[in-house]
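S.K.: Next comes the structure file structure-v9.pdb, holding PDB, C-alpha atoms.
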ATOM      1  CA  MET A   1      22.848  16.763  49.108
ATOM      2  CA  THR A   2      23.184  20.384  48.019
ATOM      3  CA  ARG A   3      25.563  21.395  45.231
ATOM      4  CA  VAL A   4      27.494  24.587  45.905
ATOM      5  CA  ALA A   5      30.222  26.725  44.402
ATOM      6  CA  ALA A   6      32.858  28.533  46.459
ATOM      7  CA  VAL A   7      35.299  31.109  45.112
ATOM      8  CA  ASP A   8      38.298  32.408  47.038
ATOM      9  CA  CYS A   9      39.912  35.442  45.428
ATOM     10  CA  GLY A  10      43.139  36.400  47.140
ATOM     11  CA  THR A  11      46.049  38.681  46.387
ATOM     12  CA  ASN A  12      47.869  36.175  44.179
ATOM     13  CA  THR A  13      45.436  33.382  43.317
ATOM     14  CA  ILE A  14      41.765  32.853  42.530
ATOM     15  CA  ARG A  15      40.244  29.424  43.164
ATOM     16  CA  LEU A  16      36.951  27.632  42.561
ATOM     17  CA  LEU A  17      35.503  24.635  44.393
ATOM     18  CA  VAL A  18      32.301  22.941  43.263
ATOM     19  CA  ALA A  19      31.148  20.356  45.781
ATOM     20  CA  ASP A  20      28.140  18.541  47.117
ATOM     21  CA  ILE A  21      27.357  19.220  50.773
ATOM     22  CA  VAL A  22      26.619  15.880  52.425
ATOM     23  CA  ARG A  23      24.783  15.853  55.752
ATOM     24  CA  ASP A  24      25.517  12.728  57.771
ATOM     25  CA  VAL A  25      22.600  11.122  59.613
ATOM     26  CA  PRO A  26      22.098  10.585  62.511
ATOM     27  CA  ALA A  27      25.206  12.599  63.352
ATOM     28  CA  ASP A  28      24.784  16.320  62.785
ATOM     29  CA  ALA A  29      27.868  16.638  60.596
ATOM     30  CA  VAL A  30      28.636  18.121  57.216
ATOM     31  CA  ARG A  31      31.063  16.773  54.640
ATOM     32  CA  LEU A  32      32.095  17.998  51.211
ATOM     33  CA  ARG A  33      32.184  15.751  48.159
ATOM     34  CA  SER A  34      34.469  17.625  45.812
ATOM     35  CA  LEU A  35      33.490  17.638  42.140
ATOM     36  CA  HIS A  36      35.819  20.274  40.723
ATOM     37  CA  ARG A  37      38.758  22.392  41.890
ATOM     38  CA  SER A  38      40.444  25.120  39.876
ATOM     39  CA  SER A  39      43.291  27.432  40.826
ATOM     40  CA  THR A  40      44.732  30.249  38.721
ATOM     41  CA  ILE A  41      47.431  32.730  39.633
ATOM     42  CA  VAL A  42      46.164  36.142  38.525
ATOM     43  CA  ARG A  43      48.101  38.471  40.897
ATOM     44  CA  LEU A  44      45.033  40.647  41.539
ATOM     45  CA  GLY A  45      47.006  42.444  44.242
ATOM     46  CA  GLN A  46      49.754  43.562  41.871
ATOM     47  CA  GLY A  47      50.955  46.938  43.148
ATOM     48  CA  VAL A  48      48.079  47.450  45.596
ATOM     49  CA  ASP A  49      50.461  47.793  48.532
ATOM     50  CA  HIS A  50      52.069  50.827  46.855
ATOM     51  CA  THR A  51      49.176  52.409  44.926
ATOM     52  CA  GLY A  52      46.126  51.472  46.994
ATOM     53  CA  ARG A  53      44.347  50.568  43.747
ATOM     54  CA  LEU A  54      43.681  47.448  41.692
ATOM     55  CA  ASP A  55      45.742  47.506  38.510
ATOM     56  CA  PRO A  56      43.581  47.502  35.321
ATOM     57  CA  ASP A  57      45.514  44.587  33.798
ATOM     58  CA  ALA A  58      45.282  42.579  37.016
ATOM     59  CA  LEU A  59      41.556  43.286  37.179
ATOM     60  CA  ALA A  60      41.096  42.164  33.570
ATOM     61  CA  ARG A  61      43.042  38.935  34.180
ATOM     62  CA  THR A  62      40.954  38.127  37.223
ATOM     63  CA  LEU A  63      37.595  38.833  35.611
ATOM     64  CA  ALA A  64      38.520  36.667  32.629
ATOM     65  CA  VAL A  65      38.969  33.735  35.015
ATOM     66  CA  VAL A  66      35.693  34.588  36.791
ATOM     67  CA  ARG A  67      33.907  34.230  33.446
ATOM     68  CA  GLU A  68      35.525  30.794  33.026
ATOM     69  CA  TYR A  69      34.304  29.865  36.499
ATOM     70  CA  ALA A  70      30.766  30.937  35.559
ATOM     71  CA  ALA A  71      30.867  28.527  32.622
ATOM     72  CA  THR A  72      32.141  25.711  34.851
ATOM     73  CA  CYS A  73      29.333  26.317  37.332
ATOM     74  CA  ALA A  74      26.791  26.206  34.515
ATOM     75  CA  ASP A  75      28.252  22.928  33.226
ATOM     76  CA  LEU A  76      28.035  21.412  36.718
ATOM     77  CA  GLU A  77      24.518  22.767  37.262
ATOM     78  CA  VAL A  78      25.239  24.966  40.266
ATOM     79  CA  PRO A  79      22.564  27.653  40.743
ATOM     80  CA  LEU A  80      24.352  30.988  40.951
ATOM     81  CA  ASP A  81      22.380  32.457  43.825
ATOM     82  CA  ALA A  82      23.088  33.295  47.463
ATOM     83  CA  GLU A  83      22.014  29.845  48.690
ATOM     84  CA  HIS A  84      24.351  27.901  46.416
ATOM     85  CA  ALA A  85      27.313  30.148  45.602
ATOM     86  CA  ARG A  86      29.632  32.359  47.624
ATOM     87  CA  PHE A  87      32.472  34.506  46.305
ATOM     88  CA  VAL A  88      34.922  35.764  48.928
ATOM     89  CA  ALA A  89      37.559  38.407  48.194
ATOM     90  CA  THR A  90      40.294  39.047  50.715
ATOM     91  CA  SER A  91      43.372  41.217  51.309
ATOM     92  CA  ALA A  92      44.033  42.920  47.964
ATOM     93  CA  THR A  93      40.392  43.819  47.407
ATOM     94  CA  ARG A  94      39.741  45.170  50.888
ATOM     95  CA  ASP A  95      42.870  47.361  50.573
ATOM     96  CA  ALA A  96      41.907  48.801  47.173
ATOM     97  CA  GLU A  97      40.201  52.181  46.746
ATOM     98  CA  ASN A  98      38.603  51.036  43.476
ATOM     99  CA  ARG A  99      37.226  47.762  44.813
ATOM    100  CA  ASP A 100      33.788  48.712  43.412
ATOM    101  CA  GLU A 101      35.140  48.120  39.887
ATOM    102  CA  PHE A 102      35.989  44.583  40.928
ATOM    103  CA  VAL A 103      32.648  44.021  42.665
ATOM    104  CA  ASP A 104      30.704  45.261  39.626
ATOM    105  CA  GLY A 105      32.809  43.147  37.273
ATOM    106  CA  VAL A 106      32.261  39.960  39.285
ATOM    107  CA  ARG A 107      28.522  40.634  39.530
ATOM    108  CA  ALA A 108      28.324  41.028  35.752
ATOM    109  CA  ALA A 109      30.412  37.920  35.043
ATOM    110  CA  LEU A 110      29.062  35.533  37.683
ATOM    111  CA  GLY A 111      25.678  36.912  38.652
ATOM    112  CA  ILE A 112      26.413  37.061  42.392
ATOM    113  CA  VAL A 113      27.835  39.840  44.526
ATOM    114  CA  PRO A 114      31.338  39.124  45.850
ATOM    115  CA  GLU A 115      31.924  39.643  49.551
ATOM    116  CA  VAL A 116      34.955  41.702  50.481
ATOM    117  CA  VAL A 117      35.451  40.082  53.870
ATOM    118  CA  SER A 118      37.295  41.360  56.909
ATOM    119  CA  GLY A 119      40.470  39.747  58.155
ATOM    120  CA  GLU A 120      38.472  38.297  61.037
ATOM    121  CA  GLU A 121      35.974  36.600  58.706
ATOM    122  CA  GLU A 122      38.835  35.355  56.551
ATOM    123  CA  ALA A 123      40.383  33.796  59.661
ATOM    124  CA  ARG A 124      37.078  32.174  60.685
ATOM    125  CA  LEU A 125      36.582  30.606  57.255
ATOM    126  CA  SER A 126      40.178  29.365  57.146
ATOM    127  CA  PHE A 127      39.769  27.704  60.528
ATOM    128  CA  ALA A 128      36.502  26.049  59.466
ATOM    129  CA  GLY A 129      38.151  24.698  56.333
ATOM    130  CA  SER A 130      41.134  23.328  58.238
ATOM    131  CA  LEU A 131      38.837  21.257  60.457
ATOM    132  CA  LEU A 132      37.792  19.220  57.431
ATOM    133  CA  GLY A 133      41.332  18.083  56.737
ATOM    134  CA  THR A 134      43.286  17.780  59.983
ATOM    135  CA  ASN A 135      40.831  17.240  62.815
ATOM    136  CA  ASP A 136      41.104  13.482  63.284
ATOM    137  CA  ASP A 137      44.598  12.854  64.564
ATOM    138  CA  ALA A 138      47.098  14.812  66.563
ATOM    139  CA  PRO A 139      50.735  15.009  65.463
ATOM    140  CA  ALA A 140      53.274  13.010  67.448
ATOM    141  CA  GLY A 141      53.305  14.342  70.985
ATOM    142  CA  GLY A 142      50.345  16.635  70.296
ATOM    143  CA  ASP A 143      46.960  16.837  71.993
ATOM    144  CA  VAL A 144      44.063  16.139  69.623
ATOM    145  CA  ARG A 145      41.700  18.117  71.848
ATOM    146  CA  GLY A 146      44.067  20.951  72.608
ATOM    147  CA  PRO A 147      43.909  24.216  70.690
ATOM    148  CA  ARG A 148      45.287  24.290  67.183
ATOM    149  CA  LEU A 149      46.947  27.369  65.761
ATOM    150  CA  VAL A 150      45.868  27.648  62.122
ATOM    151  CA  VAL A 151      47.994  29.873  59.905
ATOM    152  CA  ASP A 152      46.657  30.907  56.490
ATOM    153  CA  LEU A 153      49.592  32.542  54.688
ATOM    154  CA  GLY A 154      48.411  34.435  51.637
ATOM    155  CA  GLY A 155      49.783  36.978  49.241
ATOM    156  CA  GLY A 156      48.677  40.092  51.078
ATOM    157  CA  SER A 157      47.683  38.939  54.554
ATOM    158  CA  THR A 158      48.353  36.149  57.017
ATOM    159  CA  GLU A 159      45.688  34.946  59.420
ATOM    160  CA  LEU A 160      46.444  33.345  62.801
ATOM    161  CA  VAL A 161      43.539  31.512  64.449
ATOM    162  CA  LEU A 162      43.625  29.612  67.746
ATOM    163  CA  GLY A 163      40.879  27.228  68.808
ATOM    164  CA  VAL A 164      39.653  23.664  69.216
ATOM    165  CA  ASP A 165      36.338  23.262  67.393
ATOM    166  CA  ALA A 166      35.859  26.977  66.745
ATOM    167  CA  PRO A 167      38.067  30.070  66.827
ATOM    168  CA  GLN A 168      38.858  31.318  70.327
ATOM    169  CA  ALA A 169      41.211  34.087  69.201
ATOM    170  CA  ALA A 170      42.252  35.397  65.811
ATOM    171  CA  CYS A 171      44.114  38.168  64.083
ATOM    172  CA  SER A 172      44.945  39.156  60.520
ATOM    173  CA  LEU A 173      48.424  40.482  59.711
ATOM    174  CA  ASN A 174      49.180  42.693  56.732
ATOM    175  CA  THR A 175      51.995  40.500  55.516
ATOM    176  CA  GLY A 176      52.310  37.817  52.893
ATOM    177  CA  SER A 177      54.279  36.616  49.899
ATOM    178  CA  VAL A 178      53.304  39.389  47.476
ATOM    179  CA  ARG A 179      53.377  42.220  50.019
ATOM    180  CA  ILE A 180      56.838  41.294  51.352
ATOM    181  CA  THR A 181      58.177  40.800  47.823
ATOM    182  CA  GLU A 182      56.999  44.227  46.689
ATOM    183  CA  ARG A 183      58.217  45.971  49.833
ATOM    184  CA  TYR A 184      61.623  44.339  50.250
ATOM    185  CA  LEU A 185      62.590  41.597  47.810
ATOM    186  CA  ALA A 186      61.613  42.883  44.357
ATOM    187  CA  ASP A 187      65.290  43.234  43.427
ATOM    188  CA  GLY A 188      66.328  39.958  45.011
ATOM    189  CA  VAL A 189      67.209  38.612  48.445
ATOM    190  CA  THR A 190      70.141  40.645  49.696
ATOM    191  CA  PRO A 191      71.251  40.415  53.345
ATOM    192  CA  ALA A 192      69.945  43.918  54.061
ATOM    193  CA  ALA A 193      66.585  43.317  52.346
ATOM    194  CA  GLU A 194      66.118  39.978  54.094
ATOM    195  CA  GLU A 195      66.865  41.458  57.510
ATOM    196  CA  ALA A 196      64.454  44.355  56.932
ATOM    197  CA  ALA A 197      61.712  41.936  55.871
ATOM    198  CA  ARG A 198      62.299  39.732  58.896
ATOM    199  CA  ARG A 199      62.181  42.726  61.225
ATOM    200  CA  GLU A 200      58.785  43.704  59.859
ATOM    201  CA  VAL A 201      57.337  40.205  60.198
ATOM    202  CA  ARG A 202      58.697  39.850  63.737
ATOM    203  CA  ALA A 203      57.186  43.190  64.743
ATOM    204  CA  LEU A 204      53.815  42.082  63.376
ATOM    205  CA  LEU A 205      54.045  38.809  65.306
ATOM    206  CA  ASP A 206      54.851  40.745  68.476
ATOM    207  CA  ARG A 207      51.599  42.675  68.012
ATOM    208  CA  ALA A 208      49.711  39.500  67.107
ATOM    209  CA  ALA A 209      50.716  38.011  70.462
ATOM    210  CA  ASP A 210      48.425  40.539  72.163
ATOM    211  CA  ALA A 211      45.444  38.926  70.438
ATOM    212  CA  VAL A 212      46.512  35.296  69.991
ATOM    213  CA  ASP A 213      48.440  33.271  72.561
ATOM    214  CA  MET A 214      50.724  31.341  70.221
ATOM    215  CA  GLY A 215      52.281  29.555  73.188
ATOM    216  CA  ALA A 216      48.961  27.828  73.932
ATOM    217  CA  ALA A 217      48.985  25.905  70.649
ATOM    218  CA  THR A 218      49.223  22.129  70.781
ATOM    219  CA  ARG A 219      49.226  21.864  66.976
ATOM    220  CA  LEU A 220      50.470  24.204  64.254
ATOM    221  CA  VAL A 221      48.486  23.813  61.035
ATOM    222  CA  GLY A 222      49.598  25.640  57.903
ATOM    223  CA  LEU A 223      47.376  26.456  54.923
ATOM    224  CA  ALA A 224      47.691  27.841  51.393
ATOM    225  CA  GLY A 225      50.136  27.842  48.502
ATOM    226  CA  THR A 226      53.320  29.013  50.172
ATOM    227  CA  ILE A 227      53.091  26.408  52.917
ATOM    228  CA  SER A 228      52.187  23.585  50.529
ATOM    229  CA  THR A 229      55.228  24.583  48.435
ATOM    230  CA  VAL A 230      57.530  24.510  51.474
ATOM    231  CA  THR A 231      56.061  21.117  52.343
ATOM    232  CA  ALA A 232      56.672  19.767  48.832
ATOM    233  CA  HIS A 233      60.265  20.989  49.047
ATOM    234  CA  ALA A 234      60.776  19.405  52.470
ATOM    235  CA  LEU A 235      59.360  16.105  51.209
ATOM    236  CA  GLY A 236      61.646  16.167  48.170
ATOM    237  CA  LEU A 237      58.768  15.833  45.713
ATOM    238  CA  ASP A 238      59.246  16.057  41.949
ATOM    239  CA  ALA A 239      55.759  17.470  41.378
ATOM    240  CA  PHE A 240      52.722  18.580  43.348
ATOM    241  CA  ASP A 241      51.248  15.502  45.027
ATOM    242  CA  ARG A 242      48.039  16.233  46.917
ATOM    243  CA  GLU A 243      48.049  12.930  48.810
ATOM    244  CA  ALA A 244      51.625  13.406  50.008
ATOM    245  CA  ILE A 245      51.213  17.060  51.000
ATOM    246  CA  ASP A 246      47.771  17.031  52.632
ATOM    247  CA  GLY A 247      48.174  16.140  56.291
ATOM    248  CA  ALA A 248      51.966  15.941  56.076
ATOM    249  CA  GLU A 249      53.644  16.231  59.466
ATOM    250  CA  LEU A 250      57.150  17.675  59.363
ATOM    251  CA  SER A 251      59.668  18.467  62.054
ATOM    252  CA  ILE A 252      60.150  22.153  62.710
ATOM    253  CA  ASP A 253      63.853  21.813  61.911
ATOM    254  CA  ARG A 254      62.993  20.323  58.526
ATOM    255  CA  VAL A 255      60.506  23.093  57.778
ATOM    256  CA  LEU A 256      62.967  25.825  58.728
ATOM    257  CA  ALA A 257      65.697  24.214  56.608
ATOM    258  CA  SER A 258      63.417  24.138  53.569
ATOM    259  CA  CYS A 259      62.324  27.725  54.171
ATOM    260  CA  ASP A 260      65.966  28.819  54.297
ATOM    261  CA  ALA A 261      66.768  26.927  51.089
ATOM    262  CA  ILE A 262      63.813  28.526  49.314
ATOM    263  CA  VAL A 263      64.590  32.049  50.561
ATOM    264  CA  HIS A 264      68.130  31.744  49.166
ATOM    265  CA  SER A 265      67.286  29.731  46.036
ATOM    266  CA  THR A 266      68.292  30.751  42.520
ATOM    267  CA  ALA A 267      65.891  31.385  39.653
ATOM    268  CA  ALA A 268      67.127  28.181  37.995
ATOM    269  CA  GLN A 269      66.386  26.153  41.114
ATOM    270  CA  ARG A 270      62.882  27.578  41.410
ATOM    271  CA  GLU A 271      62.244  26.822  37.749
ATOM    272  CA  SER A 272      63.312  23.200  38.281
ATOM    273  CA  TRP A 273      60.806  22.549  41.069
ATOM    274  CA  GLY A 274      57.850  20.860  39.405
ATOM    275  CA  TYR A 275      55.520  21.667  42.305
ATOM    276  CA  LEU A 276      56.136  25.442  42.030
ATOM    277  CA  LEU A 277      53.869  27.212  39.546
ATOM    278  CA  PRO A 278      55.471  29.926  37.384
ATOM    279  CA  GLY A 279      53.231  32.606  38.873
ATOM    280  CA  ARG A 280      54.518  31.812  42.355
ATOM    281  CA  ARG A 281      58.232  31.678  41.582
ATOM    282  CA  ASP A 282      58.884  35.382  42.107
ATOM    283  CA  VAL A 283      57.113  35.537  45.490
ATOM    284  CA  ILE A 284      57.925  32.170  47.070
ATOM    285  CA  ALA A 285      61.093  33.444  48.782
ATOM    286  CA  ALA A 286      59.051  36.060  50.629
ATOM    287  CA  GLY A 287      56.367  33.517  51.520
ATOM    288  CA  ALA A 288      58.957  31.097  52.890
ATOM    289  CA  LEU A 289      60.498  33.928  54.894
ATOM    290  CA  VAL A 290      57.159  34.736  56.518
ATOM    291  CA  TRP A 291      56.447  31.061  57.263
ATOM    292  CA  SER A 292      59.883  30.575  58.812
ATOM    293  CA  GLU A 293      59.293  33.508  61.166
ATOM    294  CA  VAL A 294      55.870  32.191  62.199
ATOM    295  CA  VAL A 295      57.177  28.670  62.801
ATOM    296  CA  ALA A 296      60.175  29.914  64.805
ATOM    297  CA  ARG A 297      57.947  32.165  66.924
ATOM    298  CA  VAL A 298      55.449  29.402  67.697
ATOM    299  CA  ALA A 299      58.272  26.991  68.553
ATOM    300  CA  ALA A 300      59.803  29.546  70.938
ATOM    301  CA  ASP A 301      56.494  30.487  72.565
ATOM    302  CA  THR A 302      55.359  26.893  73.125
ATOM    303  CA  ALA A 303      58.778  26.021  74.555
ATOM    304  CA  ALA A 304      58.511  28.959  76.960
ATOM    305  CA  ALA A 305      55.045  27.691  77.958
ATOM    306  CA  GLY A 306      56.499  24.288  78.844
ATOM    307  CA  HIS A 307      55.132  22.197  75.958
ATOM    308  CA  PRO A 308      57.386  22.778  72.940
ATOM    309  CA  LEU A 309      55.908  21.984  69.542
ATOM    310  CA  THR A 310      58.282  19.968  67.403
ATOM    311  CA  THR A 311      56.209  19.526  64.244
ATOM    312  CA  THR A 312      53.949  21.341  61.811
ATOM    313  CA  VAL A 313      50.999  19.934  59.850
ATOM    314  CA  THR A 314      50.011  21.008  56.350
ATOM    315  CA  SER A 315      46.347  21.070  55.349
ATOM    316  CA  LEU A 316      45.067  21.430  51.804
ATOM    317  CA  SER A 317      41.587  21.961  53.259
ATOM    318  CA  ASP A 318      41.514  25.687  53.799
ATOM    319  CA  ILE A 319      39.461  28.840  53.355
ATOM    320  CA  LEU A 320      38.000  27.558  50.074
ATOM    321  CA  ASP A 321      36.516  24.546  51.866
ATOM    322  CA  GLY A 322      35.396  26.825  54.691
ATOM    323  CA  ILE A 323      33.499  29.002  52.212
ATOM    324  CA  ALA A 324      31.759  25.944  50.770
ATOM    325  CA  VAL A 325      30.808  24.614  54.213
ATOM    326  CA  SER A 326      29.419  28.029  55.188
ATOM    327  CA  LEU A 327      26.751  27.566  52.514
ATOM    328  CA  ALA A 328      25.333  24.627  54.485
ATOM    329  CA  SER A 329      24.027  27.013  57.143
ATOM    330  CA  VAL A 330      22.639  29.328  54.449
ATOM    331  CA  GLY A 331      20.637  26.431  53.036
ATOM    332  CA  GLU A 332      19.325  25.515  56.489
ATOM    333  CA  GLN A 333      18.196  29.100  57.121
ATOM    334  CA  ALA A 334      16.433  29.186  53.774
TER     335      ALA A 334
END
Spell out the structure here as structure tokens.
M.R.:
Amino acid sequence: MTRVAAVDCGTNTIRLLVADIVRDVPADAVRLRSLHRSSTIVRLGQGVDHTGRLDPDALARTLAVVREYAATCADLEVPLDAEHARFVATSATRDAENRDEFVDGVRAALGIVPEVVSGEEEARLSFAGSLLGTNDDAPAGGDVRGPRLVVDLGGGSTELVLGVDAPQAACSLNTGSVRITERYLADGVTPAAEEAARREVRALLDRAADAVDMGAATRLVGLAGTISTVTAHALGLDAFDREAIDGAELSIDRVLASCDAIVHSTAAQRESWGYLLPGRRDVIAAGALVWSEVVARVAADTAAAGHPLTTTVTSLSDILDGIAVSLASVGEQA
């Protein structure tokens, strides 16, 4: 076994996974034995869509958490080198003119250089992570060997990846819960603001269709905080329940109904949902809006292709797990 640390730093949330990589013998397979997971909403991408720069306060919040992660890694005896640790930064950082301030700060706090990855690499890692959680069984009516469409809906970008055991097609869209909130819904969900937001997401999905054939999907797998929140709402949970959410299969009608309820929810309702963290309350309406548009588009495209999808699957194995698994190949090369 090899102990590794993976960090995923997105637009809204930074997360740490410390795990042992287990290589099964005689099968050439890799599993993760999770030892520690942390997730903190830091809103690193605050204002980046408008200013093109990382906000000093957001940067300070994020680096404070990175220093906490360094201490956790030391406690769990993870060597902080390129063979055992990988720090991936995504949408907000790649959009920021002053990303070097972030890179230098992470290097000083953690001792490794963060990778500001492309949307394509983000998609590849998300797909790899999803395979760890939802690769055994097909949803009702689905084809376990057919291509899955994996959707990683973040704060600043949304990745669509189609494939069976590896990505066959992928694209990264500049849309997500924080970006849509700041562009359209900062003052609330009015009919005009909602329609403008939906028009933008639909236009992006039209362009995505040139790269990814959404109608070919035999499974729709959703990743990340927005989708797990929609799933918790659809399941009627009182609090976040990893066992209930991970692998949950929901009808498309049920997902769309929950998305609509969340988009039009009140502040008091959002505060009452025990599975919704305070730092996600102001952006969850936008995230649910994006997810509803993706789900509706995939349902329409698969119906037009003659094999309509009727369910979605939620995976809590995502890009963070994909980052950790990627370190297995680094160790082999070393």
S.K.: Return as a ChimeraX atom specification the set of residues that the PyMOL selection byres ((chain A and resi 270) around 12) yields on the displayed structure.
M.R.: /A:229-230,233,261-269,271-285
S.K.: Please evaluate the PyMOL selection byres ((chain A and resi 74-83) around 7) against the displayed coordinates and give the resulting residues as a list in words.
M.R.: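 With the shown file as input, the PyMOL selection byres ((chain A and resi 74-83) around 7) matches Arg3, Val4, Ala5, Ala70, Ala71, Thr72, Cys73, His84, Ala85, Arg86, Gly111, Ile112, Leu327, Val330 and Gly331 of chain A.
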S.K.: Can you measure CA of Ala216 in chain A to CA of Val298 in chain A for me? One decimal in Å is fine.
M.R.: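 Between these atoms lies a distance of 9.1 Å.
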S.K.: Name the residues captured by the PyMOL selection byres ((chain A and resi 101) around 12) when it is applied to the shown file; answer as a PyMOL selection string.
M.R.: chain A and resi 53-56+58-60+62-63+93+96-100+102-108+113-114
S.K.: Taking into account only C-alpha atoms, which residue in the set A:Leu220, A:Ala170, A:Ala197, A:Leu320 is nearest to Gly10 in chain A?
M.R.: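 Checking each of A:Leu220, A:Ala170, A:Ala197, A:Leu320 against Gly10 in chain A, counting only C-alpha atoms, the winner is A:Leu320.
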S.K.: Env of Ser39 in chain A: 10 Å cut, atoms = all atoms listed in the file, seq-sep filter 4 positions within chain, self excluded. Answer as a ChimeraX atom specification.
M.R.: /A:7-9,13-17,65
S.K.: Which one of A:Met1, A:Cys171, A:Leu162, A:Ala232 sits closest to Val30 in chain A if you count only C-alpha atoms?
M.R.: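 Ranked by minimum distance to Val30 in chain A, first place goes to A:Met1.
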S.K.: Figure out the distance between CA of Pro308 in chain A and CA of Met214 in chain A, please, to one decimal in Å.
M.R.: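 Taking CA of Met214 in chain A as the start and CA of Pro308 in chain A as the end point, the length is 11.2 Å.
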S.K.: Quick one: distance from CA of Ser228 in chain A to CA of Ala303 in chain A in Å, one decimal?
M.R.: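 If I compute the distance from CA of Ser228 in chain A to CA of Ala303 in chain A, I get 25.0 Å.
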S.K.: I'd like to know which of A:Val48, A:Phe87, A:Leu309, A:Val116 is closest to Val18 in chain A, using only C-alpha atoms.
M.R.: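 Using only C-alpha atoms, Val18 in chain A sits closest to A:Phe87.
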S.K.: Which residues are near Ile319 in chain A? Cut-off 7 Å, all atoms listed in the file, ignore same chain within fewer than 4 positions. Put them as a ChimeraX atom specification.
M.R.: /A:125-126,129,323
S.K.: Between A:Leu289, A:Val313, A:Gly322, A:Ser38, which is the closest to Ala193 in chain A once you count all atoms listed in the file?
M.R.: A:Leu289
S.K.: Near Ser91 in chain A, within 8 Å and counting all atoms listed in the file, which residues show up once chain neighbours fewer than 4 positions away are dropped, as JSON, numbers by chain?
M.R.: {"A": [10, 11, 95, 119, 155, 156, 157]}
S.K.: Given 8 Å of margin on each side, can you work out the centre and size in Å (one decimal) of an axis-aligned box holding every listed atom of range 161-164 of chain A, as JSON?
M.R.:
{"center_x": 41.6, "center_y": 27.6, "center_z": 66.8, "size_x": 20.0, "size_y": 23.8, "size_z": 20.8}
S.K.: Measuring atom to atom with only C-alpha atoms, identify which of A:Leu131, A:Val88, A:Leu204, A:Ala248 is nearest to Ser118 in chain A.
M.R.: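 Selected residue with least distance to Ser118 in chain A: A:Val88.
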S.K.: At most 10 Å from (38.8, 36.8, 63.9), file frame, all atoms listed in the file: which residues, as an MDAnalysis selection string?
M.R.: chainID A and resid 118:125 127 159:162 167:172 211:212
S.K.: Taking all atoms listed in the file into account, which of A:Phe240, A:Trp291, A:Tyr184, A:Tyr69 comes nearest Thr226 in chain A?
M.R.: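 Smallest distance to Thr226 in chain A is found for A:Trp291.
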